[in-house]
$ cat protein-v6.txt   # compact mmCIF, C-alpha atoms
# COMPACT_ATOMS: atom_id res chain seq x y z
CA MET K 1 -12.89 -10.94 -7.96
CA SER K 2 -13.78 -7.67 -6.21
CA HIS K 3 -12.10 -8.91 -3.01
CA LEU K 4 -8.90 -9.65 -4.93
CA LEU K 5 -8.92 -6.28 -6.70
CA ARG K 6 -9.38 -4.40 -3.42
CA ARG K 7 -6.60 -6.24 -1.65
CA ALA K 8 -4.11 -6.49 -4.53
CA GLY K 9 -4.72 -2.92 -5.62
CA PHE K 10 -7.24 -0.14 -5.20
CA GLY K 11 -10.44 -1.60 -6.59
CA ALA K 12 -11.42 -1.29 -10.24
CA SER K 13 -13.44 0.97 -12.49
CA LYS K 14 -16.53 -0.37 -14.22
CA THR K 15 -14.54 -1.05 -17.39
CA GLU K 16 -11.66 -2.70 -15.53
CA LEU K 17 -13.99 -4.90 -13.51
CA ALA K 18 -15.69 -6.17 -16.66
CA GLN K 19 -12.31 -6.92 -18.25
CA PHE K 20 -11.03 -8.81 -15.22
CA ARG K 21 -14.19 -10.86 -14.96
CA LYS K 22 -13.69 -11.97 -18.55
CA MET K 23 -10.10 -12.94 -17.70
CA GLY K 24 -11.23 -15.07 -14.76
CA LEU K 25 -9.69 -15.26 -11.30
CA GLN K 26 -6.43 -17.00 -12.25
CA GLY K 27 -5.94 -14.80 -15.28
CA THR K 28 -6.43 -11.73 -13.10
CA ILE K 29 -3.94 -12.99 -10.51
CA ASP K 30 -1.40 -13.53 -13.29
CA TYR K 31 -2.04 -10.03 -14.65
CA LEU K 32 -1.69 -8.39 -11.23
CA VAL K 33 1.39 -10.30 -10.09
CA ASP K 34 3.35 -10.40 -13.35
CA PHE K 35 3.07 -6.69 -14.04
CA ASP K 36 6.59 -5.94 -15.29
CA ASP K 37 5.66 -6.08 -18.97
CA ILE K 38 2.41 -4.11 -18.64
CA ASP K 39 2.60 -0.78 -20.45
CA ASP K 40 1.92 2.03 -17.99
CA GLY K 41 2.79 4.75 -20.48
CA GLU K 42 -0.53 6.52 -20.10
CA LEU K 43 0.13 7.11 -16.39
CA GLU K 44 3.72 8.19 -17.02
CA ALA K 45 2.54 10.68 -19.65
CA ARG K 46 -0.07 12.04 -17.22
CA LEU K 47 2.60 12.60 -14.57
CA ALA K 48 5.15 13.99 -17.03
CA ALA K 49 2.65 16.64 -18.10
CA GLN K 50 2.68 18.03 -14.54
CA THR K 51 5.39 19.74 -12.56
CA PHE K 52 6.46 18.04 -9.33
CA ASP K 53 9.09 19.10 -6.83
CA SER K 54 10.64 15.94 -5.39
CA THR K 55 11.77 17.88 -2.31
CA SER K 56 8.16 18.81 -1.47
CA LYS K 57 6.21 16.34 0.64
CA GLY K 58 2.88 17.63 -0.71
CA ASN K 59 4.02 17.28 -4.32
CA CYS K 60 5.26 13.74 -3.67
CA GLN K 61 1.95 12.80 -2.04
CA LYS K 62 -0.11 14.04 -4.99
CA TRP K 63 2.26 12.29 -7.41
CA TRP K 64 1.91 8.98 -5.56
CA LEU K 65 -1.85 9.19 -5.11
CA GLN K 66 -2.21 9.55 -8.86
CA ARG K 67 -0.08 6.45 -9.32
CA MET K 68 -2.36 4.50 -6.97
CA ALA K 69 -5.52 5.74 -8.66
CA TYR K 70 -4.49 5.37 -12.31
CA SER K 71 -1.69 2.82 -12.64
CA LYS K 72 -2.29 -0.25 -14.79
CA ARG K 73 0.04 -1.97 -12.32
CA PRO K 74 -1.99 -1.56 -9.11
CA LEU K 75 -0.13 -4.28 -7.21
CA GLN K 76 3.15 -2.46 -7.80
CA GLU K 77 1.75 0.57 -6.00
CA LYS K 78 0.18 -1.56 -3.27
CA MET K 79 3.54 -3.22 -2.61
CA THR K 80 5.22 0.19 -2.54
CA LEU K 81 2.69 1.19 0.12
CA PHE K 82 3.41 -2.01 2.05
CA TRP K 83 7.16 -1.40 2.14
CA HIS K 84 6.68 2.27 2.98
CA GLY K 85 4.91 1.18 6.17
CA ILE K 86 7.64 -1.28 7.18
CA LEU K 87 11.01 0.02 5.94
CA THR K 88 10.07 3.47 7.15
CA SER K 89 11.79 6.80 6.75
CA SER K 90 10.28 10.28 6.80
CA PHE K 91 10.36 13.71 5.23
CA SER K 92 10.58 15.20 8.71
CA LYS K 93 14.10 13.88 9.14
CA ALA K 94 15.16 13.83 5.48
CA ASN K 95 14.85 17.62 5.69
CA ASN K 96 13.25 18.38 2.32
CA LYS K 97 15.77 16.45 0.26
CA PRO K 98 14.66 14.24 -2.67
CA ALA K 99 15.71 11.20 -0.63
CA MET K 100 12.15 10.18 0.28
CA PHE K 101 11.02 10.36 -3.34
CA GLU K 102 14.00 8.22 -4.36
CA GLN K 103 13.25 5.70 -1.61
CA ASN K 104 9.69 5.42 -2.89
CA GLU K 105 11.04 4.62 -6.34
CA LEU K 106 13.37 2.03 -4.78
CA PHE K 107 10.39 0.22 -3.23
CA ARG K 108 8.54 0.37 -6.56
CA ARG K 109 11.55 -1.01 -8.42
CA GLU K 110 12.62 -3.78 -6.03
CA GLY K 111 9.48 -4.48 -3.99
CA MET K 112 8.64 -7.78 -5.69
CA GLY K 113 12.20 -9.07 -5.99
CA ARG K 114 14.55 -10.70 -3.50
CA TYR K 115 14.14 -9.40 0.01
CA ASP K 116 17.81 -9.85 0.87
CA LYS K 117 18.73 -7.70 -2.13
CA MET K 118 16.24 -5.00 -1.20
CA LEU K 119 17.49 -4.92 2.39
CA LYS K 120 21.01 -4.34 1.12
CA SER K 121 19.72 -1.54 -1.10
CA VAL K 122 17.76 -0.02 1.80
CA SER K 123 20.85 -0.20 4.00
CA ARG K 124 22.54 2.08 1.45
CA ASP K 125 19.48 4.25 0.81
CA PRO K 126 20.05 7.96 1.61
CA ALA K 127 16.66 8.41 3.32
CA MET K 128 17.28 5.40 5.56
CA LEU K 129 20.86 6.41 6.30
CA ILE K 130 19.59 9.80 7.44
CA TYR K 131 16.52 8.49 9.26
CA LEU K 132 18.29 5.89 11.40
CA ASP K 133 21.48 7.89 11.98
CA SER K 134 23.95 5.79 10.02
CA GLN K 135 25.91 8.98 9.35
CA SER K 136 27.08 8.84 12.94
CA ASN K 137 27.92 5.11 12.91
CA ARG K 138 31.70 5.16 13.30
CA LYS K 139 34.16 2.55 14.45
CA LYS K 140 35.05 4.32 17.71
CA ALA K 141 31.38 5.05 18.52
CA PRO K 142 29.00 2.61 16.77
CA ASN K 143 25.41 3.81 16.43
CA GLU K 144 22.95 0.96 17.04
CA ASN K 145 19.77 2.50 15.62
CA TYR K 146 19.79 0.86 12.21
CA SER K 147 21.07 -2.53 13.32
CA ARG K 148 18.37 -2.73 16.01
CA GLU K 149 15.49 -1.81 13.69
CA LEU K 150 16.85 -4.07 10.96
CA MET K 151 16.24 -7.01 13.27
CA GLU K 152 13.30 -5.84 15.36
CA LEU K 153 11.08 -4.34 12.65
CA PHE K 154 12.45 -5.44 9.28
CA THR K 155 13.35 -9.11 9.63
CA LEU K 156 13.20 -11.03 12.93
CA GLY K 157 10.93 -9.43 15.52
CA ILE K 158 11.44 -8.83 19.21
CA GLY K 159 13.09 -11.61 21.21
CA GLN K 160 14.98 -13.20 18.31
CA TYR K 161 18.35 -11.55 18.96
CA THR K 162 20.49 -10.32 21.86
CA GLU K 163 21.90 -6.92 22.73
CA GLU K 164 25.30 -8.31 21.77
CA ASP K 165 23.90 -9.09 18.30
CA VAL K 166 22.74 -5.46 18.01
CA GLN K 167 26.17 -4.20 18.99
CA GLU K 168 28.02 -6.53 16.63
CA ALA K 169 25.70 -5.67 13.75
CA ALA K 170 26.27 -1.97 14.43
CA ARG K 171 30.02 -2.54 14.17
CA SER K 172 29.46 -4.30 10.85
CA PHE K 173 27.65 -1.26 9.41
CA THR K 174 30.24 1.29 10.54
CA GLY K 175 31.48 3.49 7.71
CA TRP K 176 28.25 3.16 5.68
CA GLN K 177 27.71 6.85 5.11
CA LEU K 178 26.59 9.52 2.67
CA ARG K 179 28.69 11.82 0.56
CA LYS K 180 27.29 15.36 0.86
CA GLU K 181 24.07 13.76 2.19
CA LYS K 182 23.20 12.66 -1.36
CA GLU K 183 24.81 9.32 -2.22
CA PHE K 184 26.08 6.29 -0.39
CA TYR K 185 29.75 5.66 0.02
CA PHE K 186 31.81 3.27 2.09
CA ASN K 187 34.14 5.20 4.39
CA LYS K 188 36.78 2.59 5.07
CA ASN K 189 38.48 4.87 7.57
CA GLN K 190 35.38 4.65 9.76
CA HIS K 191 34.68 0.93 9.29
CA ASP K 192 35.49 -1.59 11.99
CA PHE K 193 37.33 -4.42 10.20
CA GLY K 194 37.66 -6.46 13.39
CA ILE K 195 36.16 -9.87 14.10
CA LYS K 196 32.48 -9.85 15.07
CA THR K 197 30.17 -12.56 16.36
CA PHE K 198 26.62 -12.16 15.10
CA LEU K 199 23.76 -14.63 15.56
CA GLY K 200 26.31 -17.35 16.22
CA GLN K 201 28.51 -16.66 13.17
CA GLN K 202 31.94 -15.12 13.35
CA GLY K 203 34.14 -13.19 10.96
CA SER K 204 35.23 -9.78 9.74
CA LEU K 205 31.61 -8.99 8.91
CA ASP K 206 30.18 -6.04 7.02
CA GLY K 207 26.56 -4.93 6.57
CA ASP K 208 25.89 -7.27 3.65
CA ASP K 209 27.12 -10.20 5.71
CA VAL K 210 24.72 -9.22 8.49
CA VAL K 211 21.79 -9.26 6.06
CA ASP K 212 22.84 -12.64 4.69
CA ILE K 213 23.10 -14.15 8.17
CA ILE K 214 19.69 -12.75 9.16
CA MET K 215 18.08 -14.22 6.07
CA GLN K 216 19.45 -17.65 6.98
CA GLN K 217 17.37 -17.65 10.18
CA PRO K 218 14.12 -19.64 9.85
CA VAL K 219 12.26 -17.01 11.85
CA ALA K 220 13.14 -14.36 9.25
CA SER K 221 11.10 -16.09 6.56
CA GLU K 222 8.16 -16.48 8.93
CA TYR K 223 8.37 -12.86 10.00
CA ILE K 224 8.15 -11.29 6.56
CA VAL K 225 5.49 -13.64 5.17
CA ARG K 226 3.39 -12.95 8.26
CA ARG K 227 3.65 -9.20 7.60
CA LEU K 228 2.64 -9.76 3.99
CA TRP K 229 -0.32 -11.98 4.92
CA GLU K 230 -1.61 -9.55 7.53
CA PHE K 231 -1.37 -6.70 5.01
CA PHE K 232 -3.24 -8.56 2.26
CA ALA K 233 -5.53 -11.01 4.10
CA TYR K 234 -6.20 -10.84 7.86
CA ALA K 235 -4.52 -10.55 11.26
CA GLU K 236 -3.22 -13.45 13.33
CA PRO K 237 -2.98 -16.05 10.56
CA GLU K 238 -2.90 -19.77 11.26
CA GLN K 239 0.57 -21.25 11.70
CA THR K 240 -0.11 -23.67 8.85
CA VAL K 241 -0.54 -20.71 6.50
CA ILE K 242 2.69 -19.08 7.70
CA ALA K 243 4.66 -22.32 7.41
CA ARG K 244 3.42 -22.85 3.86
CA LEU K 245 4.31 -19.32 2.78
CA ALA K 246 7.67 -19.40 4.55
CA LYS K 247 8.58 -22.48 2.54
CA VAL K 248 7.72 -20.60 -0.66
CA PHE K 249 9.90 -17.70 0.52
CA ARG K 250 12.89 -19.94 1.26
CA THR K 251 12.50 -22.02 -1.90
CA GLY K 252 12.36 -18.80 -3.92
CA LYS K 253 15.58 -17.55 -2.29
CA THR K 254 13.78 -14.68 -0.53
CA ASN K 255 11.83 -13.62 -3.64
CA ILE K 256 8.66 -11.76 -2.69
CA ARG K 257 6.70 -12.31 -5.92
CA PRO K 258 6.09 -16.07 -5.44
CA VAL K 259 4.89 -15.42 -1.88
CA VAL K 260 2.41 -12.77 -3.01
CA ARG K 261 1.16 -15.10 -5.75
CA ALA K 262 0.74 -17.90 -3.19
CA ILE K 263 -1.29 -15.56 -0.96
CA PHE K 264 -3.70 -14.68 -3.77
CA GLU K 265 -4.03 -18.32 -4.82
CA SER K 266 -4.71 -19.67 -1.32
CA GLU K 267 -8.15 -20.79 -0.16
CA GLU K 268 -7.75 -18.87 3.08
CA PHE K 269 -7.41 -15.59 1.20
CA TYR K 270 -11.01 -15.99 -0.05
CA SER K 271 -12.41 -17.38 3.20
CA ALA K 272 -15.16 -15.85 5.33
CA ARG K 273 -12.47 -14.72 7.75
CA ALA K 274 -10.74 -12.73 5.03
CA ALA K 275 -13.86 -11.22 3.45
CA GLN K 276 -14.05 -7.59 4.53
CA GLY K 277 -11.64 -8.49 7.32
CA LEU K 278 -9.47 -5.38 6.99
CA ILE K 279 -10.13 -1.66 7.27
CA LYS K 280 -9.08 0.48 4.33
CA GLY K 281 -6.22 2.79 5.16
CA PRO K 282 -6.67 6.43 4.13
CA ALA K 283 -4.57 6.03 0.98
CA GLU K 284 -6.56 2.94 -0.01
CA PHE K 285 -9.88 4.63 0.74
CA THR K 286 -9.03 7.69 -1.34
CA ALA K 287 -7.37 5.96 -4.29
CA SER K 288 -10.03 3.26 -4.53
CA ALA K 289 -12.88 5.79 -4.49
CA ILE K 290 -11.26 7.82 -7.25
CA ARG K 291 -10.38 4.75 -9.30
CA THR K 292 -13.71 3.01 -8.94
CA LEU K 293 -15.80 6.09 -9.68
CA GLY K 294 -13.71 6.96 -12.72
CA ILE K 295 -12.81 10.37 -11.31
CA THR K 296 -10.24 12.52 -13.08
CA THR K 297 -8.07 14.55 -10.69
CA VAL K 298 -4.52 15.76 -10.13
CA PHE K 299 -5.34 16.93 -6.57
CA ALA K 300 -4.61 20.48 -7.74
CA GLY K 301 -5.34 23.21 -5.24
CA VAL K 302 -5.59 20.75 -2.34
CA HIS K 303 -3.43 22.15 0.47
CA ARG K 304 -3.51 18.92 2.46
CA THR K 305 -4.48 15.73 0.68
CA PRO K 306 -7.57 13.87 1.93
CA VAL K 307 -5.26 11.05 2.96
CA GLU K 308 -3.33 13.27 5.35
CA ARG K 309 -6.52 14.62 6.90
CA MET K 310 -7.65 11.03 7.52
CA GLY K 311 -4.51 10.30 9.52
CA GLN K 312 -1.98 8.94 7.01
CA ASP K 313 0.73 11.47 6.21
CA LEU K 314 2.35 9.70 3.24
CA PHE K 315 6.15 10.00 3.11
CA ASN K 316 6.02 10.94 6.80
CA PRO K 317 5.12 7.94 9.02
CA PRO K 318 4.68 8.75 12.72
CA ASP K 319 7.69 6.70 13.82
CA VAL K 320 9.98 3.86 12.82
CA ALA K 321 7.18 1.30 13.34
CA GLY K 322 5.02 2.96 10.69
CA TRP K 323 1.25 3.23 11.13
CA ASP K 324 -0.69 0.98 13.50
CA GLY K 325 -3.39 0.42 10.88
CA GLY K 326 -6.54 -1.59 11.45
CA ILE K 327 -9.07 -0.11 13.85
CA ALA K 328 -6.59 2.68 14.64
CA TRP K 329 -7.52 4.25 11.30
CA ILE K 330 -11.01 5.01 12.61
CA ASN K 331 -11.86 7.62 15.21
CA SER K 332 -14.41 10.42 15.42
CA SER K 333 -12.16 12.84 13.57
CA THR K 334 -10.83 10.58 10.81
CA LEU K 335 -14.25 9.02 10.18
CA MET K 336 -15.71 12.48 9.66
CA GLU K 337 -12.92 13.19 7.15
CA ARG K 338 -13.90 10.05 5.24
CA VAL K 339 -17.53 11.17 5.16
CA ASN K 340 -16.44 14.66 4.10
CA LEU K 341 -14.38 13.24 1.25
CA ALA K 342 -17.33 11.12 0.12
CA ASN K 343 -19.46 14.25 0.06
CA THR K 344 -16.79 16.19 -1.87
CA LEU K 345 -16.44 13.48 -4.47
CA VAL K 346 -20.15 13.32 -5.26
CA THR K 347 -20.82 17.08 -5.22
CA ASP K 348 -17.68 18.55 -6.80
CA ARG K 349 -18.95 18.46 -10.38
CA LYS K 350 -16.57 21.07 -11.78
CA GLY K 351 -13.70 21.22 -9.31
CA ASN K 352 -10.84 18.89 -8.44
CA TYR K 353 -12.94 15.70 -8.70
CA LYS K 354 -15.20 15.09 -11.69
CA PHE K 355 -17.14 12.03 -12.84
CA ASP K 356 -20.49 11.15 -14.39
CA PRO K 357 -22.52 8.86 -12.09
CA GLN K 358 -24.53 7.59 -15.06
CA ASP K 359 -21.34 5.90 -16.28
CA LEU K 360 -21.33 3.68 -13.17
CA LEU K 361 -24.57 1.90 -13.99
CA SER K 362 -24.90 -1.33 -15.87
CA ASP K 363 -26.83 -1.42 -19.14
CA THR K 364 -29.87 -3.11 -17.59
CA THR K 365 -30.73 -0.83 -14.66
CA ALA K 366 -34.47 -0.67 -15.39
CA ASN K 367 -35.68 0.04 -11.84
CA SER K 368 -34.44 1.49 -8.56
CA GLU K 369 -33.52 -1.91 -7.08
CA ALA K 370 -31.41 -2.63 -10.15
CA VAL K 371 -29.66 0.72 -9.67
CA VAL K 372 -28.75 -0.26 -6.11
CA ASP K 373 -27.55 -3.69 -7.25
CA SER K 374 -25.41 -2.14 -9.97
CA LEU K 375 -23.72 0.34 -7.62
CA VAL K 376 -23.26 -2.23 -4.86
CA ASP K 377 -21.65 -4.63 -7.33
CA LEU K 378 -19.18 -1.98 -8.48
CA LEU K 379 -18.38 -0.27 -5.18
CA LEU K 380 -18.74 -3.11 -2.68
CA GLY K 381 -18.41 -6.24 -4.78
CA ASP K 382 -21.85 -7.39 -3.61
CA GLU K 383 -20.45 -7.72 -0.07
CA VAL K 384 -23.00 -5.55 1.70
CA SER K 385 -24.73 -5.91 5.04
CA GLU K 386 -28.48 -6.23 5.18
CA ALA K 387 -28.64 -2.97 7.15
CA THR K 388 -26.78 -1.04 4.46
CA ARG K 389 -28.72 -2.62 1.64
CA SER K 390 -32.00 -1.77 3.38
CA VAL K 391 -30.96 1.89 3.70
CA LEU K 392 -29.95 2.04 0.05
CA LEU K 393 -33.19 0.48 -1.16
CA GLU K 394 -35.25 2.78 1.04
CA HIS K 395 -33.41 5.78 -0.35
CA ALA K 396 -33.76 4.56 -3.92
CA LYS K 397 -37.44 3.65 -3.86
CA ASP K 398 -38.56 7.22 -4.55
CA MET K 399 -36.34 7.51 -7.60
CA GLY K 400 -38.01 7.66 -10.98
CA THR K 401 -38.69 4.27 -12.52
CA SER K 402 -39.74 5.21 -16.04
CA PRO K 403 -37.25 3.71 -18.47
CA ALA K 404 -35.95 5.59 -21.48
CA PRO K 405 -36.60 4.20 -25.00
CA SER K 406 -33.33 2.31 -24.66
CA GLY K 407 -34.76 0.47 -21.66
CA GLN K 408 -32.29 2.01 -19.20
CA LEU K 409 -33.64 3.89 -16.22
CA VAL K 410 -33.20 7.65 -16.40
CA LEU K 411 -32.27 9.17 -13.04
CA GLU K 412 -31.69 12.69 -11.92
CA ASP K 413 -28.00 13.40 -11.43
CA GLU K 414 -28.55 14.51 -7.83
CA GLN K 415 -30.45 11.34 -6.95
CA LEU K 416 -27.74 9.09 -8.26
CA ARG K 417 -24.96 11.03 -6.57
CA SER K 418 -26.74 10.83 -3.23
CA LEU K 419 -26.89 7.05 -3.57
CA VAL K 420 -23.17 6.90 -4.34
CA TYR K 421 -22.52 9.09 -1.30
CA LEU K 422 -24.44 6.74 0.99
CA ILE K 423 -22.33 3.82 -0.20
CA LEU K 424 -19.00 5.64 0.21
CA ALA K 425 -19.99 6.80 3.70
CA SER K 426 -21.32 3.38 4.77
CA PRO K 427 -19.53 1.13 7.26
CA ASP K 428 -19.25 -1.47 4.52
CA TYR K 429 -17.13 0.77 2.26
CA GLN K 430 -14.59 1.36 5.04
CA LEU K 431 -13.74 -2.35 4.84
CA ALA K 432 -11.30 -3.75 2.33
$ encode --input "protein-v6.txt" --output "C-alpha cells"
Amino acid sequence: MSHLLRRAGFGASKTELAQFRKMGLQGTIDYLVDFDDIDDGELEARLAAQTFDSTSKGNCQKWWLQRMAYSKRPLQEKMTLFWHGILTSSFSKANNKPAMFEQNELFRREGMGRYDKMLKSVSRDPAMLIYLDSQSNRKKAPNENYSRELMELFTLGIGQYTEEDVQEAARSFTGWQLRKEKEFYFNKNQHDFGIKTFLGQQGSLDGDDVVDIIMQQPVASEYIVRRLWEFFAYAEPEQTVIARLAKVFRTGKTNIRPVVRAIFESEEFYSARAAQGLIKGPAEFTASAIRTLGITTVFAGVHRTPVERMGQDLFNPPDVAGWDGGIAWINSSTLMERVNLANTLVTDRKGNYKFDPQDLLSDTTANSEAVVDSLVDLLLGDEVSEATRSVLLEHAKDMGTSPAPSGQLVLEDEQLRSLVYLILASPDYQLA
C-alpha cells in the first residue's frame, strides 16, 4: 500500500494511510485512478484564499507544491508532473507570461485522457508554440523544431523517422501561430497547403493529420507506455510488460487512464525490482515529506523553494528533454539540500512548516522500539534497511519508556523530532 501511495502520489498522512488500508489495495487503486468525481474543494479554497501571480515562476511553484502536498487527487498532480517532464516548456522562454501556468492546467485537465487529443492541444498551446518556435514556422521557411521534438521526445524516439519526415511534418504545422502571443490561431496565409509525404502517407496534411499518423505507428504506443512505466515502476522494463501495456493503450484508443490502471494492477509493479527502485525527485521528496508529516505550509517567505535548491526548477526544465532524473538527482550539493530541508521541517516549530510529531505515532507506542516501528511504517512503509533500522533503534533506546496512564509512551518533543529527522535524512527515504 505504501509503495502504491508513493508512486501514484506523494505518500499519505497517518489518517490517509489508515483510510486506504481499510479500502484495500484494489479499492485504493480505484480511488486514485478514478479521481474525477473526488471533491477537492478544500484544496481549491486554500488556494483561493491566497494571492498568486500566474506570470511569476515562484508563485506558480508554490501554488503547485501545495497542490501536490494537499490534493485529494494525488495521481492527478503526479500525472501533471509526468507530462511537465516530457512535453516540456519553460518560463525562461515564455518570458513571464501566464502561458506556463495555463500549460500546467492543460496537463492537469487532459493528462489522463486520450494522448492523441492532448498532443493536438499541446501543439496549439501558447507555451509550447513559444518554446519550440512555432511562431516562425512559415510556408516559405518552415521551422523544424516542434516537428522534430514531437517525434523524438514526445511519441516515437530516435531512429523511428527520417529527416524528410521532420521536414514534411514542419510543413504540415506551418501557420500554427499565436495572436498577440496569447492565443492560438491558424494563419492560413502562412500554411503550406501542398502535398506532403509523412511516414509513408501522402496528402495535403496539417498538424492534426501528423499526430494521427504518428499515433498509428506501433512504436508510438510502446514509446509512451515505456515512459509511463519507467516513471511509475522501474527503468528498462521487460518487453513482455511493454507489449502488454501497449495493447491496452491501442485498445483504449490512446487513453492514458487504462494504461496507468494496468501499471498499478500488474504483479511487476509490486515486485522486488520495483520496491524502492526509484529515487524521489525534489518535488516528490518535498511534497511527500510535507504530506506525510501533516505539515501546514503555504511556502510563504521562501525566496527559492526547497525543490529548486535540490535541482528541480519547476516550470523551468533545463532543456527540451526535461530532467534526467534517477541518480542524477543526487550529488553532494543536492543531497545536502535534502538534509537541510529535513532539518528545517523538524525544527521549524513556529515558522513556515509546522506539525506535531506526537500526531505521527500509533495508539500503541508503549516503548522506544514501538516508536521506531510506528514512524518507519508511516514514513517508509516498513521498507527499511537493517543499517537504517539499527541506527534508529540505537538513537531511540535512550528515550523515556514510562507510559502515560493511557498506556501511550510520552516522549520529549525534541527526541521525537530528532528521530523523524534521521528517517527523512536516511538513504531509505530518498527512495520512492
$ closest_atom_pairs --input "protein-v6.txt" --of "region 196-272 of chain K" --to "region 142-165 of chain K" --cutoff "10 Å" --atoms "all atoms listed in the file" --output "tab-separated table"
residue	atom	partner	partner_atom	distance
K:Lys196	CA	K:Asp165	CA	9.2
K:Thr197	CA	K:Asp165	CA	7.4
K:Phe198	CA	K:Asp165	CA	5.2
K:Leu199	CA	K:Asp165	CA	6.2
K:Gly200	CA	K:Asp165	CA	8.9
K:Gly207	CA	K:Ser147	CA	9.0
K:Val210	CA	K:Ser147	CA	9.0
K:Val211	CA	K:Leu150	CA	8.7
K:Ile214	CA	K:Thr155	CA	7.3
K:Met215	CA	K:Thr155	CA	7.8
K:Gln217	CA	K:Leu156	CA	8.3
K:Pro218	CA	K:Leu156	CA	9.2
K:Val219	CA	K:Leu156	CA	6.1
K:Ala220	CA	K:Leu156	CA	5.0
K:Ser221	CA	K:Thr155	CA	8.0
K:Glu222	CA	K:Leu156	CA	8.4
K:Tyr223	CA	K:Leu156	CA	5.9
K:Ile224	CA	K:Thr155	CA	6.4
K:Arg227	CA	K:Phe154	CA	9.7
$ closest_residue --input "protein-v6.txt" --among "K:Leu360, K:Leu378, K:Ala289, K:Ala235" --to "Tyr70 (chain K)" --atoms "all atoms listed in the file"
K:Ala289
$ atom_distance --input "protein-v6.txt" --atom1 "CA of Ala321 (chain K)" --atom2 "CA of Met100 (chain K)"
16.6 Å
$ closest_residue --input "protein-v6.txt" --among "K:Val122, K:Thr55, K:Tyr131, K:Asp319" --to "Pro98 (chain K)" --atoms "only C-alpha atoms"
K:Thr55
$ closest_residue --input "protein-v6.txt" --among "K:Asn187, K:Gln312, K:Ser368, K:Gln216" --to "Leu81 (chain K)" --atoms "only C-alpha atoms"
K:Gln312
$ atom_distance --input "protein-v6.txt" --atom1 "CA of Arg226 (chain K)" --atom2 "CA of Ile242 (chain K)"
6.2 Å
$ closest_atom_pairs --input "protein-v6.txt" --of "region 47-140 of chain K" --to "region 37-41 of chain K" --cutoff "8 Å" --atoms "all atoms listed in the file" --output "tab-separated table"
residue	atom	partner	partner_atom	distance
K:Ser71	CA	K:Asp40	CA	6.5
K:Lys72	CA	K:Asp40	CA	5.8
K:Arg73	CA	K:Ile38	CA	7.1
